[in-house]
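Engineer: File protein.csv follows (CSV, C-alpha atoms):
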```
chain,number,residue,atom,x,y,z
A,1,MET,CA,163.0,42.5,92.1
A,2,ALA,CA,166.6,43.9,91.9
A,3,LEU,CA,168.9,45.2,89.3
A,4,HIS,CA,172.6,44.5,89.6
A,5,LEU,CA,175.0,46.9,87.9
A,6,VAL,CA,178.8,47.4,87.8
A,7,ALA,CA,179.5,50.9,89.1
A,8,GLY,CA,180.1,53.2,86.2
A,9,ARG,CA,178.7,56.3,84.6
A,10,SER,CA,176.3,54.3,82.4
A,11,SER,CA,174.9,52.7,85.5
A,12,ILE,CA,173.3,56.0,86.5
A,13,SER,CA,170.9,56.3,83.5
A,14,THR,CA,170.3,52.6,83.3
A,15,GLY,CA,169.4,52.4,87.0
A,16,ARG,CA,167.3,55.6,86.9
A,17,ASP,CA,165.2,54.4,83.9
A,18,TRP,CA,164.8,50.9,85.4
A,19,ILE,CA,163.5,52.4,88.7
A,20,ALA,CA,161.0,54.7,86.9
A,21,THR,CA,159.7,51.8,84.8
A,22,GLU,CA,159.3,49.5,87.9
A,23,ALA,CA,157.6,52.2,89.9
A,24,LEU,CA,155.1,53.1,87.2
A,25,LEU,CA,154.3,49.4,86.9
A,26,GLY,CA,153.8,49.4,90.7
A,27,GLY,CA,151.3,52.2,90.5
A,28,LEU,CA,153.4,55.4,90.8
A,29,ALA,CA,151.5,58.3,89.3
A,30,ALA,CA,153.2,59.4,86.1
A,31,ILE,CA,153.4,63.0,87.3
A,32,ARG,CA,155.7,61.8,90.1
A,33,ALA,CA,158.2,60.0,87.8
A,34,PRO,CA,160.5,63.0,87.2
A,35,LEU,CA,161.0,63.5,90.9
A,36,LEU,CA,161.6,59.8,91.4
A,37,LYS,CA,164.2,59.8,88.5
A,38,LEU,CA,166.0,62.8,90.0
A,39,LEU,CA,166.2,61.4,93.5
A,40,SER,CA,167.2,58.0,92.1
A,41,SER,CA,170.0,59.6,90.0
A,42,GLU,CA,171.4,61.2,93.2
A,43,LEU,CA,171.6,57.9,95.1
A,44,ILE,CA,173.0,55.9,92.1
A,45,THR,CA,175.5,58.7,91.4
A,46,ASN,CA,176.7,58.6,95.0
A,47,ALA,CA,177.1,54.8,94.8
A,48,VAL,CA,179.2,55.1,91.6
A,49,LEU,CA,181.3,58.0,92.8
A,50,HIS,CA,181.9,56.9,96.4
A,51,GLY,CA,181.9,53.2,96.1
A,52,PRO,CA,184.9,51.2,94.8
A,53,ALA,CA,185.7,51.5,91.1
A,54,LEU,CA,183.8,48.7,89.2
A,55,GLY,CA,182.1,47.6,92.4
A,56,GLU,CA,178.6,46.2,92.4
A,57,VAL,CA,175.6,48.5,92.7
A,58,THR,CA,172.2,46.8,93.5
A,59,ILE,CA,169.0,48.7,93.1
A,60,ARG,CA,165.5,47.7,94.3
A,61,VAL,CA,162.1,49.3,94.1
A,62,ARG,CA,159.2,48.2,96.3
A,63,ASP,CA,156.1,49.4,98.0
A,64,VAL,CA,156.5,50.2,101.7
A,65,ASP,CA,153.4,51.4,103.5
A,66,GLY,CA,151.8,52.8,100.4
A,67,GLN,CA,155.0,54.6,99.3
A,68,ILE,CA,157.5,53.7,96.6
A,69,ARG,CA,160.9,52.9,98.2
A,70,VAL,CA,164.1,53.0,96.2
A,71,GLU,CA,167.1,51.2,97.7
A,72,VAL,CA,170.6,51.5,96.4
A,73,ASP,CA,173.3,49.2,97.7
A,74,ASP,CA,177.0,49.8,97.2
A,75,GLU,CA,180.2,48.4,98.6
A,76,SER,CA,181.3,51.5,100.6
A,77,SER,CA,180.7,51.6,104.3
A,78,SER,CA,180.8,55.4,104.4
A,79,PRO,CA,177.3,56.8,105.0
A,80,PRO,CA,176.1,59.7,102.8
A,81,GLN,CA,176.6,63.2,104.1
A,82,LEU,CA,173.8,65.7,104.2
A,83,ARG,CA,175.3,69.1,103.6
A,84,ALA,CA,173.8,72.6,103.7
A,85,ALA,CA,172.7,73.7,100.2
A,86,ASP,CA,175.3,76.1,98.7
A,87,PRO,CA,173.8,77.6,95.5
A,88,ALA,CA,177.3,78.5,94.3
A,89,ALA,CA,178.6,74.9,94.6
A,90,VAL,CA,178.8,72.8,91.5
A,91,GLY,CA,178.1,69.5,93.3
A,92,GLY,CA,177.1,68.3,96.7
A,93,HIS,CA,173.4,68.9,96.4
A,94,GLY,CA,172.3,65.3,96.1
A,95,MET,CA,171.4,64.3,99.6
A,96,TRP,CA,169.9,67.8,100.2
A,97,LEU,CA,167.5,67.1,97.3
A,98,VAL,CA,166.7,63.7,98.8
A,99,ASP,CA,166.2,65.1,102.2
A,100,THR,CA,164.0,67.9,100.9
A,101,TYR,CA,161.8,66.0,98.4
A,102,ALA,CA,161.5,62.4,99.8
A,103,THR,CA,159.0,61.6,102.4
A,104,ARG,CA,161.8,59.9,104.4
A,105,TRP,CA,165.2,58.5,103.7
A,106,GLY,CA,167.9,56.6,105.5
A,107,CYS,CA,171.1,54.6,105.4
A,108,ASP,CA,171.5,51.0,106.6
A,109,LEU,CA,175.1,50.1,107.2
A,110,ARG,CA,176.1,46.5,106.5
A,111,GLY,CA,179.5,46.6,108.1
A,112,PRO,CA,182.5,46.0,105.8
A,113,ASP,CA,180.1,44.8,103.0
A,114,GLY,CA,178.8,48.3,102.4
A,115,LYS,CA,175.5,50.0,102.9
A,116,THR,CA,172.0,50.5,101.6
A,117,VAL,CA,170.7,54.1,101.1
A,118,TRP,CA,167.0,54.4,100.5
A,119,PHE,CA,164.2,57.0,100.2
A,120,ASP,CA,160.4,56.9,100.0
A,121,VAL,CA,158.1,59.0,97.8
A,122,PRO,CA,154.2,58.8,97.7
A,123,ILE,CA,152.7,56.7,95.0
```
The structure in this file should be written as structure tokens.
Structural biologist:
Amino acid sequence: MALHLVAGRSSISTGRDWIATEALLGGLAAIRAPLLKLLSSELITNAVLHGPALGEVTIRVRDVDGQIRVEVDDESSSPPQLRAADPAAVGGHGMWLVDTYATRWGCDLRGPDGKTVWFDVPI
């Protein structure tokens, strides 16, 4: 199942809550939901901020090898940048959080049509 949203600030909370609900229905332990919501917020925020204004953001949640996988598609072909964590910086921690707390993550480029950024967390 997928959720299609127009890129905008309200998409972040809508997408994050939808992901948590779908993952809980799929067997995610409730104690893992806050982490899932945090990491999901980071990917959705990146899609909203770095994709085209009012572009489409598509979100999917599925089971992959006993893990919950969250996938976020956007219309930008620029991959996310993993930066060193700077505690003094106001932003730029999103992919560091994903890299630190997800079991694995990646970015699948789709040429000029954009990309899919994904991460896995244990159920």
Engineer: Listed atoms of region 82-85 of chain A, axis-aligned box, 5 Å per side: centre and edge lengths to one decimal in Å, as JSON?
Structural biologist:
```
{"center_x": 174.0, "center_y": 69.7, "center_z": 102.2, "size_x": 12.6, "size_y": 18.0, "size_z": 14.0}
```
Engineer: For a test of reading the model, state the distance in Å between CA of Cys107 (chain A) and CA of Asn46 (chain A), rounded to one decimal.
Structural biologist: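 Calculated distance between CA of Cys107 (chain A) and CA of Asn46 (chain A) is 12.5 Å.
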Engineer: Would you list the contacts of Pro80 (chain A) as a ChimeraX atom specification, taking every protein, DNA or RNA residue within 10 Å and counting only C-alpha atoms, but skipping same-chain residues closer than 2 positions in sequence?
Structural biologist: /A:43,46-47,50,76-78,82-83,94-95,106-107,115,117
Engineer: Please indicate the distance in Å from CA of Ile44 (chain A) to CA of Ile12 (chain A), rounded to one decimal place.
Structural biologist: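 So the two atoms, CA of Ile44 (chain A) and CA of Ile12 (chain A), lie 5.6 Å apart.
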Engineer: Between CA of Arg69 (chain A) and CA of Val121 (chain A), what is the distance, to one decimal in Å?
Structural biologist: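 Separating CA of Arg69 (chain A) from CA of Val121 (chain A) is a distance of 6.7 Å.
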Engineer: Restricting the calculation to all atoms listed in the file, which member of A:Trp96, A:Trp18, A:Trp105, A:Phe119 is positioned closest to His4 (chain A)?
Structural biologist: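 Of all the options, A:Trp18 lies closest to His4 (chain A).
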Engineer: So which residues touch Glu71 (chain A) within 8 Å, counting all atoms listed in the file, skipping near sequence neighbours fewer than 6 positions away, as a PyMOL selection string?
Structural biologist: chain A and resi 58-61+116-119
Engineer: How would the residues just chosen look if you wrote them out with C-alpha atoms as an mmCIF file, keeping the file's coordinate frame?
Structural biologist:
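Written output follows (result-v2.cif):
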```
data_model
loop_
_atom_site.group_PDB
_atom_site.id
_atom_site.type_symbol
_atom_site.label_atom_id
_atom_site.label_comp_id
_atom_site.auth_asym_id
_atom_site.auth_seq_id
_atom_site.Cartn_x
_atom_site.Cartn_y
_atom_site.Cartn_z
ATOM 1 C CA THR A 58 172.200 46.800 93.500
ATOM 2 C CA ILE A 59 169.000 48.700 93.100
ATOM 3 C CA ARG A 60 165.500 47.700 94.300
ATOM 4 C CA VAL A 61 162.100 49.300 94.100
ATOM 5 C CA THR A 116 172.000 50.500 101.600
ATOM 6 C CA VAL A 117 170.700 54.100 101.100
ATOM 7 C CA TRP A 118 167.000 54.400 100.500
ATOM 8 C CA PHE A 119 164.200 57.000 100.200
#
```
Engineer: Pick the closest to Gly8 (chain A) from A:Pro52, A:Gly26, A:Ile31, A:Ala20: which is it, counting all atoms listed in the file?
Structural biologist: A:Pro52
Engineer: The residues within 10 Å of (175.8, 56.1, 89.7), using all atoms listed in the file and the coordinates of the file, should be reported as a count of residues only; which are they?
Structural biologist: 27
Engineer: Find the spatial neighbours of Pro122 (chain A), counting only C-alpha atoms, within a cut-off of 8 Å - ignore same-chain residues fewer than 3 positions away - and output them as a list in words.
Structural biologist: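 Contacts, with the query itself left out: Leu28, Gly66, Gln67, Ile68 and Thr103 of chain A.
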Engineer: Using all atoms listed in the file, can you tell me which of A:Leu3, A:Leu54, A:Asp63, A:Glu75 comes closest to Leu24 (chain A)?
Structural biologist: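 Ranking A:Leu3, A:Leu54, A:Asp63, A:Glu75 by distance to Leu24 (chain A), first place goes to A:Asp63.
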Engineer: From the block you just saw, export region 6-24 of chain A: C-alpha atoms, as a CSV table (one decimal), in the first residue's frame.
Structural biologist:
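selection.csv was written with the following content:
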```
chain,number,residue,atom,x,y,z
A,6,VAL,CA,1.8,16.8,-2.4
A,7,ALA,CA,5.1,18.0,-1.0
A,8,GLY,CA,4.3,20.5,1.8
A,9,ARG,CA,4.9,20.9,5.5
A,10,SER,CA,1.6,19.2,6.4
A,11,SER,CA,2.8,16.1,4.4
A,12,ILE,CA,5.4,15.5,7.1
A,13,SER,CA,3.0,14.8,10.0
A,14,THR,CA,0.4,13.1,7.7
A,15,GLY,CA,3.0,10.8,6.3
A,16,ARG,CA,4.7,10.1,9.6
A,17,ASP,CA,1.4,9.1,11.3
A,18,TRP,CA,0.3,7.0,8.3
A,19,ILE,CA,3.6,5.1,8.4
A,20,ALA,CA,3.3,4.4,12.2
A,21,THR,CA,-0.2,3.1,11.8
A,22,GLU,CA,0.7,0.9,8.9
A,23,ALA,CA,3.7,-0.5,10.7
A,24,LEU,CA,1.8,-1.2,13.9
```
